>>> print(open('final14.cif').read())   # mmCIF, C-alpha atoms and all ligand atoms
data_my_file
#
loop_
_atom_site.label_atom_id
_atom_site.label_comp_id
_atom_site.auth_asym_id
_atom_site.auth_seq_id
_atom_site.Cartn_x
_atom_site.Cartn_y
_atom_site.Cartn_z
CA MET A 1 -23.78 -6.27 4.05
CA SER A 2 -22.70 -9.15 6.32
CA THR A 3 -20.72 -8.21 9.43
CA PRO A 4 -17.07 -7.79 8.42
CA THR A 5 -14.43 -9.79 10.24
CA PRO A 6 -11.68 -7.83 12.06
CA VAL A 7 -8.70 -6.62 10.05
CA ALA A 8 -5.37 -5.06 11.00
CA ILE A 9 -2.73 -3.09 9.12
CA CYS A 10 0.90 -2.92 10.28
CA GLY A 11 2.87 -0.23 8.45
CA SER A 12 4.30 3.28 8.58
CA PHE A 13 3.05 6.82 9.05
CA SER A 14 5.07 9.55 7.36
CA PHE A 15 5.39 13.15 6.30
CA ASP A 16 5.31 13.48 2.53
CA SER A 17 6.39 16.30 0.24
CA VAL A 18 5.13 15.84 -3.25
CA ILE A 19 5.32 17.43 -6.66
CA ALA A 20 1.84 16.88 -8.11
CA PRO A 21 1.34 15.93 -11.77
CA ASP A 22 0.51 19.58 -12.53
CA GLY A 23 3.90 20.64 -11.07
CA ARG A 24 2.55 22.05 -7.79
CA PRO A 25 4.67 21.35 -4.69
CA LEU A 26 2.57 19.96 -1.82
CA THR A 27 4.77 19.96 1.27
CA GLY A 28 4.69 18.43 4.76
CA LYS A 29 1.55 16.37 4.19
CA VAL A 30 0.70 13.66 6.68
CA GLY A 31 0.86 10.30 4.96
CA GLY A 32 2.28 6.84 5.19
CA ASN A 33 1.33 3.47 3.84
CA ALA A 34 -0.53 2.52 7.03
CA LEU A 35 -2.51 5.77 6.98
CA TRP A 36 -3.57 5.49 3.33
CA SER A 37 -4.38 1.79 3.51
CA SER A 38 -6.40 2.26 6.72
CA LEU A 39 -8.43 5.00 5.10
CA GLY A 40 -8.87 2.84 2.00
CA ALA A 41 -10.33 0.10 4.22
CA LEU A 42 -12.51 2.56 6.12
CA ILE A 43 -14.16 4.07 3.04
CA SER A 44 -14.66 0.52 1.79
CA GLY A 45 -16.81 -0.26 4.80
CA VAL A 46 -14.36 -1.78 7.30
CA ALA A 47 -12.60 0.12 10.12
CA PRO A 48 -9.22 -1.56 10.65
CA ARG A 49 -6.91 -1.72 13.62
CA ILE A 50 -3.48 -0.13 13.04
CA VAL A 51 0.00 -1.01 14.28
CA THR A 52 2.45 1.81 13.60
CA VAL A 53 5.07 4.13 15.09
CA VAL A 54 4.81 7.93 15.24
CA GLY A 55 7.42 10.50 16.25
CA ASP A 56 6.80 13.17 18.89
CA ASP A 57 6.19 15.84 16.23
CA TYR A 58 3.52 13.82 14.44
CA PRO A 59 0.22 15.71 14.79
CA GLY A 60 -1.84 14.06 17.53
CA GLU A 61 -4.95 15.27 15.72
CA VAL A 62 -4.39 12.68 12.96
CA VAL A 63 -4.54 9.73 15.33
CA GLU A 64 -7.50 11.29 17.18
CA ARG A 65 -9.49 11.72 13.96
CA LEU A 66 -8.81 8.13 12.93
CA GLN A 67 -9.90 6.91 16.35
CA SER A 68 -13.09 9.00 16.16
CA ALA A 69 -13.83 7.47 12.76
CA GLY A 70 -13.77 3.99 14.32
CA ILE A 71 -10.20 2.94 13.51
CA ASP A 72 -8.53 1.22 16.49
CA THR A 73 -5.34 3.19 17.19
CA SER A 74 -4.51 1.52 20.52
CA ALA A 75 -1.38 -0.08 18.99
CA VAL A 76 0.04 3.20 17.65
CA ALA A 77 3.41 3.56 19.42
CA ARG A 78 4.84 7.03 20.14
CA ILE A 79 8.59 7.41 20.07
CA ASP A 80 10.57 10.11 21.80
CA ARG A 81 12.15 11.76 18.78
CA ALA A 82 11.21 13.55 15.58
CA HIS A 83 9.09 11.53 13.23
CA PRO A 84 11.61 9.42 11.30
CA VAL A 85 9.88 8.77 7.96
CA ARG A 86 9.84 11.66 5.48
CA LEU A 87 9.31 10.89 1.84
CA THR A 88 9.41 12.90 -1.33
CA PHE A 89 7.65 12.01 -4.57
CA ALA A 90 7.50 13.63 -7.99
CA HIS A 91 4.44 12.49 -9.92
CA LEU A 92 5.08 12.99 -13.62
CA PRO A 93 2.35 14.02 -16.07
CA ASP A 94 2.80 10.68 -17.91
CA GLY A 95 1.88 8.67 -14.78
CA GLY A 96 5.48 7.91 -13.76
CA ARG A 97 6.73 8.54 -10.23
CA LEU A 98 10.17 9.44 -8.87
CA GLN A 99 11.17 8.88 -5.23
CA PRO A 100 13.10 10.70 -3.88
CA VAL A 101 12.55 13.86 -5.91
CA PRO A 102 15.74 14.48 -7.92
CA ALA A 103 17.67 17.66 -7.12
CA HIS A 104 17.09 19.23 -10.54
CA MET A 105 13.32 19.31 -9.91
CA LEU A 106 13.89 21.35 -6.74
CA ALA A 107 16.10 23.94 -8.40
CA GLY A 108 13.43 26.59 -9.03
CA MET A 109 11.90 26.43 -5.53
CA ASP A 110 12.45 28.92 -2.72
CA ALA A 111 14.68 27.73 0.11
CA ALA A 112 11.84 27.10 2.59
CA THR A 113 9.96 24.87 0.15
CA ARG A 114 13.11 23.07 -0.91
CA ALA A 115 13.91 22.34 2.73
CA GLN A 116 10.70 20.34 2.97
CA PHE A 117 11.95 17.99 0.28
CA ILE A 118 14.32 16.00 2.47
CA ASP A 119 13.78 12.27 2.03
CA THR A 120 14.93 10.18 5.00
CA THR A 121 14.23 6.79 3.44
CA THR A 122 17.47 6.57 1.54
CA ASP A 123 18.83 5.54 4.96
CA PRO A 124 17.39 2.08 5.70
CA GLU A 125 17.98 2.61 9.43
CA THR A 126 15.61 5.55 9.45
CA LEU A 127 12.95 3.64 7.56
CA ALA A 128 13.21 0.81 10.08
CA LEU A 129 12.79 3.26 12.99
CA GLY A 130 9.34 4.16 11.70
CA ALA A 131 8.29 0.61 10.88
CA PRO A 132 6.32 -1.62 13.24
CA THR A 133 7.96 -4.56 15.00
CA PRO A 134 6.34 -7.87 15.95
CA ALA A 135 6.53 -6.78 19.60
CA LEU A 136 4.09 -3.94 18.90
CA VAL A 137 1.34 -6.33 17.78
CA PRO A 138 -0.92 -6.99 20.78
CA ASP A 139 -0.89 -10.73 21.57
CA ALA A 140 -4.69 -10.92 21.71
CA TRP A 141 -4.90 -9.73 18.11
CA LEU A 142 -3.11 -12.87 16.88
CA ASP A 143 -6.33 -14.78 17.59
CA GLU A 144 -8.83 -12.01 16.92
CA ILE A 145 -7.75 -10.66 13.53
CA ALA A 146 -9.14 -12.49 10.49
CA HIS A 147 -7.13 -10.63 7.82
CA TRP A 148 -3.78 -8.86 8.13
CA HIS A 149 -2.19 -6.38 5.75
CA LEU A 150 1.48 -5.43 5.63
CA PRO A 151 2.19 -2.43 3.40
CA LEU A 152 5.74 -1.79 2.17
CA LEU A 153 8.32 -2.44 4.91
CA PRO A 154 12.11 -2.69 4.87
CA LEU A 155 12.97 -6.27 3.90
CA VAL A 156 14.28 -7.31 7.31
CA ARG A 157 11.17 -5.98 9.04
CA HIS A 158 8.90 -7.49 6.37
CA ARG A 159 10.46 -10.89 7.06
CA ALA A 160 10.09 -10.53 10.82
CA MET A 161 6.44 -9.50 10.51
CA VAL A 162 5.59 -12.26 8.02
CA ALA A 163 7.23 -14.83 10.31
CA HIS A 164 5.22 -13.50 13.26
CA LEU A 165 1.87 -13.21 11.51
CA SER A 166 2.04 -16.43 9.51
CA GLY A 167 1.67 -18.16 12.89
CA ALA A 168 -1.46 -16.09 13.65
CA ARG A 169 -5.03 -17.14 12.91
CA GLY A 170 -5.83 -14.70 10.08
CA THR A 171 -4.95 -14.64 6.40
CA LEU A 172 -1.99 -12.50 5.39
CA GLN A 173 -1.75 -10.06 2.49
CA THR A 174 1.34 -7.96 1.88
CA ASP A 175 2.71 -5.39 -0.48
CA CYS A 176 6.20 -5.89 -1.89
CA PRO A 177 9.03 -5.17 0.58
CA ALA A 178 11.18 -2.07 -0.11
CA ARG A 179 12.52 -2.36 -3.65
CA SER A 180 15.89 -0.95 -2.70
CA ASP A 181 16.40 -4.07 -0.53
CA LEU A 182 15.69 -6.39 -3.47
CA LEU A 183 18.09 -5.01 -6.06
CA ASP A 184 20.92 -7.54 -5.75
CA ALA A 185 18.99 -10.80 -5.67
CA PRO A 186 15.25 -10.09 -5.91
CA TYR A 187 13.85 -13.59 -6.38
CA GLU A 188 16.12 -15.11 -3.75
CA ARG A 189 15.13 -12.42 -1.26
CA LEU A 190 11.42 -12.77 -1.95
CA GLU A 191 11.59 -16.56 -1.76
CA HIS A 192 12.03 -16.34 2.02
CA THR A 193 8.50 -15.10 2.51
CA VAL A 194 6.25 -15.46 -0.53
CA GLY A 195 5.21 -18.98 0.45
CA ASP A 196 3.80 -17.65 3.73
CA ILE A 197 1.80 -14.85 2.11
CA ASP A 198 -1.78 -15.66 1.08
CA TYR A 199 -2.24 -12.60 -1.15
CA PHE A 200 0.83 -10.85 -2.57
CA LEU A 201 0.05 -7.32 -3.82
CA PRO A 202 3.07 -5.89 -5.69
CA SER A 203 2.89 -3.21 -8.37
CA THR A 204 4.25 -3.16 -11.90
CA SER A 205 6.91 -0.74 -10.70
CA ASP A 206 8.07 -3.42 -8.24
CA PHE A 207 8.24 -5.86 -11.15
CA ASP A 208 10.41 -3.32 -13.01
CA VAL A 209 12.95 -3.67 -10.21
CA ILE A 210 12.51 -7.41 -9.59
CA ASP A 211 13.21 -8.30 -13.21
CA PRO A 212 13.44 -5.30 -15.55
CA ASP A 213 13.90 -7.37 -18.71
CA ALA A 214 11.22 -9.99 -18.07
CA THR A 215 7.57 -9.94 -19.11
CA ILE A 216 4.93 -9.71 -16.44
CA ASP A 217 4.07 -13.36 -17.10
CA ALA A 218 7.64 -14.45 -16.56
CA VAL A 219 7.84 -12.67 -13.20
CA ILE A 220 4.52 -14.15 -12.13
CA VAL A 221 5.58 -17.66 -13.13
CA ARG A 222 8.82 -17.29 -11.20
CA LEU A 223 7.04 -16.01 -8.09
CA ARG A 224 4.54 -18.84 -8.30
CA ASP A 225 7.40 -21.32 -8.61
CA SER A 226 8.75 -19.82 -5.40
CA GLY A 227 5.50 -20.66 -3.63
CA ALA A 228 3.49 -17.43 -4.05
CA GLY A 229 -0.24 -17.86 -3.49
CA THR A 230 -2.66 -15.41 -5.07
CA ILE A 231 -0.95 -12.48 -6.82
CA VAL A 232 -2.78 -9.19 -7.18
CA LEU A 233 -0.69 -6.93 -9.42
CA LYS A 234 -1.38 -3.20 -9.25
CA ALA A 235 -0.82 -1.73 -12.69
CA GLY A 236 -1.86 1.90 -12.18
CA ALA A 237 -4.09 3.22 -14.93
CA ASP A 238 -4.04 -0.25 -16.56
CA GLY A 239 -5.97 -1.66 -13.62
CA VAL A 240 -5.31 -4.70 -11.47
CA LEU A 241 -4.35 -8.16 -12.66
CA ILE A 242 -5.41 -11.05 -10.41
CA VAL A 243 -3.68 -14.40 -10.73
CA ASP A 244 -5.48 -16.88 -8.52
CA GLY A 245 -4.72 -20.53 -9.20
CA ALA A 246 -5.62 -21.11 -12.84
CA GLU A 247 -7.82 -17.99 -12.96
CA ARG A 248 -6.69 -14.65 -14.28
CA TRP A 249 -8.81 -11.50 -14.10
CA LEU A 250 -8.30 -7.89 -15.05
CA VAL A 251 -10.14 -5.25 -13.04
CA PRO A 252 -9.95 -1.86 -14.77
CA ALA A 253 -8.95 1.33 -12.97
CA HIS A 254 -11.58 4.04 -12.67
CA PRO A 255 -10.68 6.69 -15.26
CA ASP A 256 -9.64 9.71 -13.21
CA GLU A 257 -7.33 12.63 -13.84
CA PRO A 258 -5.32 12.31 -10.63
CA ILE A 259 -4.84 15.45 -8.56
CA ASP A 260 -2.22 13.70 -6.39
CA PRO A 261 -1.64 9.96 -6.94
CA THR A 262 0.20 9.57 -3.61
CA GLY A 263 -1.44 6.80 -1.62
CA ALA A 264 -3.44 5.20 -4.43
CA GLY A 265 -1.70 1.81 -4.22
CA ASP A 266 -2.06 1.71 -0.46
CA ALA A 267 -5.72 2.75 -0.59
CA PHE A 268 -6.23 -0.11 -3.07
CA CYS A 269 -4.70 -2.57 -0.59
CA GLY A 270 -6.97 -1.28 2.18
CA GLY A 271 -10.06 -1.61 -0.01
CA PHE A 272 -9.04 -5.12 -1.07
CA LEU A 273 -8.55 -6.08 2.58
CA ALA A 274 -11.99 -4.68 3.43
CA GLY A 275 -13.54 -6.62 0.56
CA ARG A 276 -12.13 -9.88 1.87
CA ALA A 277 -13.28 -9.05 5.40
CA ARG A 278 -16.76 -8.50 3.99
CA GLY A 279 -16.69 -11.94 2.37
CA LEU A 280 -16.51 -10.67 -1.23
CA ASP A 281 -14.93 -12.86 -3.89
CA ILE A 282 -11.46 -11.85 -4.94
CA VAL A 283 -12.54 -9.98 -8.09
CA ALA A 284 -15.16 -7.97 -6.20
CA ALA A 285 -12.59 -7.27 -3.46
CA ALA A 286 -10.16 -5.96 -6.09
CA ALA A 287 -12.93 -3.80 -7.60
CA LEU A 288 -13.56 -2.36 -4.14
CA GLY A 289 -9.82 -1.65 -3.81
CA ALA A 290 -9.74 0.02 -7.22
CA ALA A 291 -12.72 2.17 -6.26
CA ALA A 292 -11.02 3.22 -3.00
CA ALA A 293 -7.86 4.09 -4.95
CA SER A 294 -9.86 6.27 -7.34
CA PHE A 295 -11.02 8.41 -4.40
CA ALA A 296 -7.46 8.57 -3.04
CA VAL A 297 -6.10 10.13 -6.24
CA SER A 298 -8.67 12.91 -6.00
CA VAL A 299 -7.46 14.31 -2.66
CA THR A 300 -4.18 15.82 -1.56
CA ASP A 301 -4.82 15.38 2.18
CA PRO A 302 -5.51 11.74 3.09
CA LEU A 303 -7.79 12.84 5.94
CA ASP A 304 -10.18 14.26 3.32
CA LEU A 305 -11.08 10.62 2.67
CA LEU A 306 -12.91 10.71 6.01
CA ASP A 307 -15.58 12.70 4.14
CA VAL A 308 -16.11 9.97 1.52
CA ALA A 309 -19.19 7.85 2.16
CA PRO A 310 -18.69 4.07 1.80
CA SER A 311 -21.85 4.03 -0.35
CA GLU A 312 -20.05 6.18 -2.97
CA VAL A 313 -17.13 3.75 -3.02
CA GLU A 314 -19.50 0.82 -3.19
CA ALA A 315 -21.30 2.28 -6.22
CA ARG A 316 -18.02 2.79 -8.08
CA ALA A 317 -16.86 -0.72 -7.10
CA HIS A 318 -20.01 -2.17 -8.68
CA GLU A 319 -19.20 -0.44 -11.97
CA LEU A 320 -15.62 -1.72 -11.90
CA ARG A 321 -16.72 -5.26 -10.98
CA ALA A 322 -19.10 -5.22 -13.96
CA ALA A 323 -16.25 -4.16 -16.25
CA ALA A 324 -13.80 -6.80 -14.92
CA HIS A 325 -13.06 -9.67 -17.24
CA PRO A 326 -11.04 -12.89 -17.38
CA HIS A 327 -7.59 -12.12 -18.68
CA VAL A 328 -5.90 -14.76 -20.77
CA ASP A 329 -3.10 -12.62 -22.17
CA VAL A 330 -1.01 -13.03 -19.08
CA LEU A 331 -0.13 -16.44 -20.42
CA GLN A 332 0.89 -14.93 -23.73
CA GLY A 333 2.61 -11.65 -23.10
CA GLY A 334 1.34 -9.73 -20.08
CA ILE A 335 -0.64 -6.54 -19.85
CA GLN A 336 2.09 -4.10 -20.70
O1 LIG B 401 1.06 5.24 -0.52
C1 LIG B 401 1.84 6.36 -0.32
C2 LIG B 401 2.40 6.41 1.03
O2 LIG B 401 3.41 5.46 1.11
C3 LIG B 401 4.55 5.99 1.66
O3 LIG B 401 4.68 5.42 2.90
C4 LIG B 401 4.37 7.48 1.68
O4 LIG B 401 4.71 8.06 2.85
C5 LIG B 401 2.97 7.75 1.25
O5 LIG B 401 2.21 8.51 2.12
#
>>> encode(input="final14.cif", output="structure tokens")
Amino acid sequence: MSTPTPVAICGSFSFDSVIAPDGRPLTGKVGGNALWSSLGALISGVAPRIVTVVGDDYPGEVVERLQSAGIDTSAVARIDRAHPVRLTFAHLPDGGRLQPVPAHMLAGMDAATRAQFIDTTTDPETLALGAPTPALVPDAWLDEIAHWHLPLLPLVRHRAMVAHLSGARGTLQTDCPARSDLLDAPYERLEHTVGDIDYFLPSTSDFDVIDPDATIDAVIVRLRDSGAGTIVLKAGADGVLIVDGAERWLVPAHPDEPIDPTGAGDAFCGGFLAGRARGLDIVAAAALGAAAASFAVSVTDPLDLLDVAPSEVEARAHELRAAAHPHVDVLQGGIQ
């Protein structure tokens, strides 16, 4: 493997309470899009640097274990208040996901468990408190980092970070900004930034909010008309659709019965980032991301990914790369 170039991830850490697909409540888990995507990169062979914010009740052990595993946590900022980002997810047996968990799904739980299912992200102010700001990015990194990743951020923060990092040396990949911020005028809001993003990594559930009545092709065409570069569309169990210039590829998902799908999309983004840092072509990078995601769905505690050997991820990525194929249907009706 050639020496990877340095990568950085600027996103959130969180506490998550989840209803797993089998109905089990899993409460107070450490999580966050920056945590899952960093671990996705790590098990894909590249230790990233992280920019994030943690509250004073966030377990110090998490940051220490990441640092010991080779992840640079020097730009993790501690704030003097309770950790602001708490999310709740219900993963449905059919692969769907609800966030926050609706009240009727909490009805049968005891009071202590139910109390863990408070979701702070319905308040955009709280989400922004836990999100990184441009000022937290060390100046030296603007020259040193070859590839940046921004996981989901509130729209205002996403814009500020894209503006800051598009002037940096490295390439920029981002997830979709928070869907709740796109509802009124999704294309207009995305138009501000998509032209500055080298690799845009939304999911089909983002597309459902961006344009619920349109086909996947129609959304892609519209985003491309707005200046989007390469689009890498995460489609859950249907795999990943890559639209890169005139080329379209479909990378299948590894067939797993997920124990807890929380973090899969972010682990994909981390693996994809690692693949690019390792100089892989875009299809191989997506296969690496899909392999990382398949390990993420098999754990409930993200830190269990520290026990996954990059060679295991690599082997699975090879299988997925071999099964990837050019995808022409996107021009005719999408992958739905
Ligand atoms: O990818 C899932 C992660 O994104 C959100 O930030 C949640 O907190 C969760 O841990």
>>> residues_near_ligand(input="final14.cif", ligand="ligand LIG 401 (chain B)", cutoff="6 Å", atoms="only C-alpha atoms and all ligand atoms", output="ChimeraX atom specification")
/A:14,16,31-33,87,262-266
>>> atom_distance(input="final14.cif", atom1="CA of Phe15 (chain A)", atom2="CA of Ala34 (chain A)")
12.2 Å
>>> closest_atom_pairs(input="final14.cif", of="region 124-213 of chain A", to="region 79-84 of chain A", cutoff="12 Å", atoms="only C-alpha atoms", output="JSON lines")
{"residue": "A:Pro124", "atom": "CA", "partner": "A:Pro84", "partner_atom": "CA", "distance": 10.9}
{"residue": "A:Glu125", "atom": "CA", "partner": "A:Pro84", "partner_atom": "CA", "distance": 9.5}
{"residue": "A:Thr126", "atom": "CA", "partner": "A:Pro84", "partner_atom": "CA", "distance": 5.9}
{"residue": "A:Leu127", "atom": "CA", "partner": "A:Pro84", "partner_atom": "CA", "distance": 7.0}
{"residue": "A:Ala128", "atom": "CA", "partner": "A:Pro84", "partner_atom": "CA", "distance": 8.8}
{"residue": "A:Leu129", "atom": "CA", "partner": "A:Pro84", "partner_atom": "CA", "distance": 6.5}
{"residue": "A:Gly130", "atom": "CA", "partner": "A:Pro84", "partner_atom": "CA", "distance": 5.7}
{"residue": "A:Ala131", "atom": "CA", "partner": "A:Pro84", "partner_atom": "CA", "distance": 9.4}
{"residue": "A:Pro132", "atom": "CA", "partner": "A:Ile79", "partner_atom": "CA", "distance": 11.5}
>>> closest_residue(input="final14.cif", among="A:Pro134, A:Gly289, A:Gly229, A:Pro21", to="Leu98 (chain A)", atoms="only C-alpha atoms")
A:Pro21
>>> residues_around(input="final14.cif", residues="Pro302 (chain A)", least_positions_apart="4", cutoff="8 Å", atoms="only C-alpha atoms", output="PDB file with C-alpha atoms, in the frame of the given file")
ATOM      1  CA  VAL A  30       0.700  13.660   6.680  1.00  0.00           C
ATOM      2  CA  GLY A  31       0.860  10.300   4.960  1.00  0.00           C
ATOM      3  CA  LEU A  35      -2.510   5.770   6.980  1.00  0.00           C
ATOM      4  CA  TRP A  36      -3.570   5.490   3.330  1.00  0.00           C
ATOM      5  CA  LEU A  39      -8.430   5.000   5.100  1.00  0.00           C
ATOM      6  CA  GLY A 263      -1.440   6.800  -1.620  1.00  0.00           C
ATOM      7  CA  ALA A 296      -7.460   8.570  -3.040  1.00  0.00           C
TER       8      ALA A 296
END
>>> closest_residue(input="final14.cif", among="A:Ala277, A:Met161, A:Ala235, A:Cys269", to="Ile197 (chain A)", atoms="only C-alpha atoms")
A:Met161
>>> atom_distance(input="final14.cif", atom1="CA of Asp123 (chain A)", atom2="CA of Glu188 (chain A)")
22.6 Å
>>> closest_residue(input="final14.cif", among="A:Ala253, A:Ala324, A:Ala291, A:Ala274", to="Val308 (chain A)", atoms="only C-alpha atoms")
A:Ala291
>>> closest_residue(input="final14.cif", among="A:Pro25, A:Pro252, A:Gly236, A:Pro151", to="Arg316 (chain A)", atoms="only C-alpha atoms")
A:Pro252
>>> closest_residue(input="final14.cif", among="A:Ala218, A:Val18, A:Leu155, A:Leu142", to="Pro100 (chain A)", atoms="only C-alpha atoms")
A:Val18
>>> axis_aligned_box(input="final14.cif", around="region 7-26 of chain A", padding_each_side="3 Å", output="JSON")
{"center_x": -1.2, "center_y": 7.7, "center_z": -0.8, "size_x": 21.1, "size_y": 34.7, "size_z": 29.5}
>>> atom_distance(input="final14.cif", atom1="CA of Val46 (chain A)", atom2="CA of Gly245 (chain A)")
26.8 Å
>>> closest_residue(input="final14.cif", among="A:Ala8, A:Ala322, A:Ala285, A:Ser180", to="Leu165 (chain A)", atoms="only C-alpha atoms")
A:Ala8
>>> residues_around(input="final14.cif", residues="Ile231 (chain A)", least_positions_apart="3", cutoff="7 Å", atoms="only C-alpha atoms", output="list in words")
Tyr199, Phe200, Leu201, Ile242, Val243 and Asp244 of chain A
>>> write_last_selection(input="final14.cif", atoms="C-alpha atoms", output="mmCIF file, in the coordinates of the input")
data_model
loop_
_atom_site.group_PDB
_atom_site.id
_atom_site.type_symbol
_atom_site.label_atom_id
_atom_site.label_comp_id
_atom_site.auth_asym_id
_atom_site.auth_seq_id
_atom_site.Cartn_x
_atom_site.Cartn_y
_atom_site.Cartn_z
ATOM 1 C CA TYR A 199 -2.240 -12.600 -1.150
ATOM 2 C CA PHE A 200 0.830 -10.850 -2.570
ATOM 3 C CA LEU A 201 0.050 -7.320 -3.820
ATOM 4 C CA ILE A 242 -5.410 -11.050 -10.410
ATOM 5 C CA VAL A 243 -3.680 -14.400 -10.730
ATOM 6 C CA ASP A 244 -5.480 -16.880 -8.520
#
>>> residues_around(input="final14.cif", residues="Val7 (chain A)", least_positions_apart="5", cutoff="6 Å", atoms="all atoms listed in the file", output="list in words")
Pro48, Ile145, Ala146, His147 and Trp148 of chain A
>>> write_last_selection(input="final14.cif", atoms="C-alpha atoms", output="PDB file, in the frame of the given file")
ATOM      1  CA  PRO A  48      -9.220  -1.560  10.650  1.00  0.00           C
ATOM      2  CA  ILE A 145      -7.750 -10.660  13.530  1.00  0.00           C
ATOM      3  CA  ALA A 146      -9.140 -12.490  10.490  1.00  0.00           C
ATOM      4  CA  HIS A 147      -7.130 -10.630   7.820  1.00  0.00           C
ATOM      5  CA  TRP A 148      -3.780  -8.860   8.130  1.00  0.00           C
TER       6      TRP A 148
END
>>> residues_around(input="final14.cif", residues="Val297 (chain A)", least_positions_apart="2", cutoff="8 Å", atoms="all atoms listed in the file", output="JSON, numbers by chain")
{"A": [256, 258, 259, 260, 261, 262, 263, 264, 293, 294, 295, 299, 300]}
>>> residues_near_point(input="final14.cif", point="(-14.5, -11.2, 4.0)", cutoff="12 Å", atoms="all atoms listed in the file", output="NGL selection string")
:A and (1-7 or 44-46 or 145-148 or 170-171 or 271-282 or 284-285)
>>> residues_around(input="final14.cif", residues="region 103-118 of chain A", least_positions_apart="4", cutoff="7 Å", atoms="all atoms listed in the file", output="PDB file with C-alpha atoms, keeping the file's coordinate frame")
ATOM      1  CA  SER A  17       6.390  16.300   0.240  1.00  0.00           C
ATOM      2  CA  THR A  27       4.770  19.960   1.270  1.00  0.00           C
ATOM      3  CA  GLY A  28       4.690  18.430   4.760  1.00  0.00           C
ATOM      4  CA  ARG A  86       9.840  11.660   5.480  1.00  0.00           C
ATOM      5  CA  THR A  88       9.410  12.900  -1.330  1.00  0.00           C
TER       6      THR A  88
END
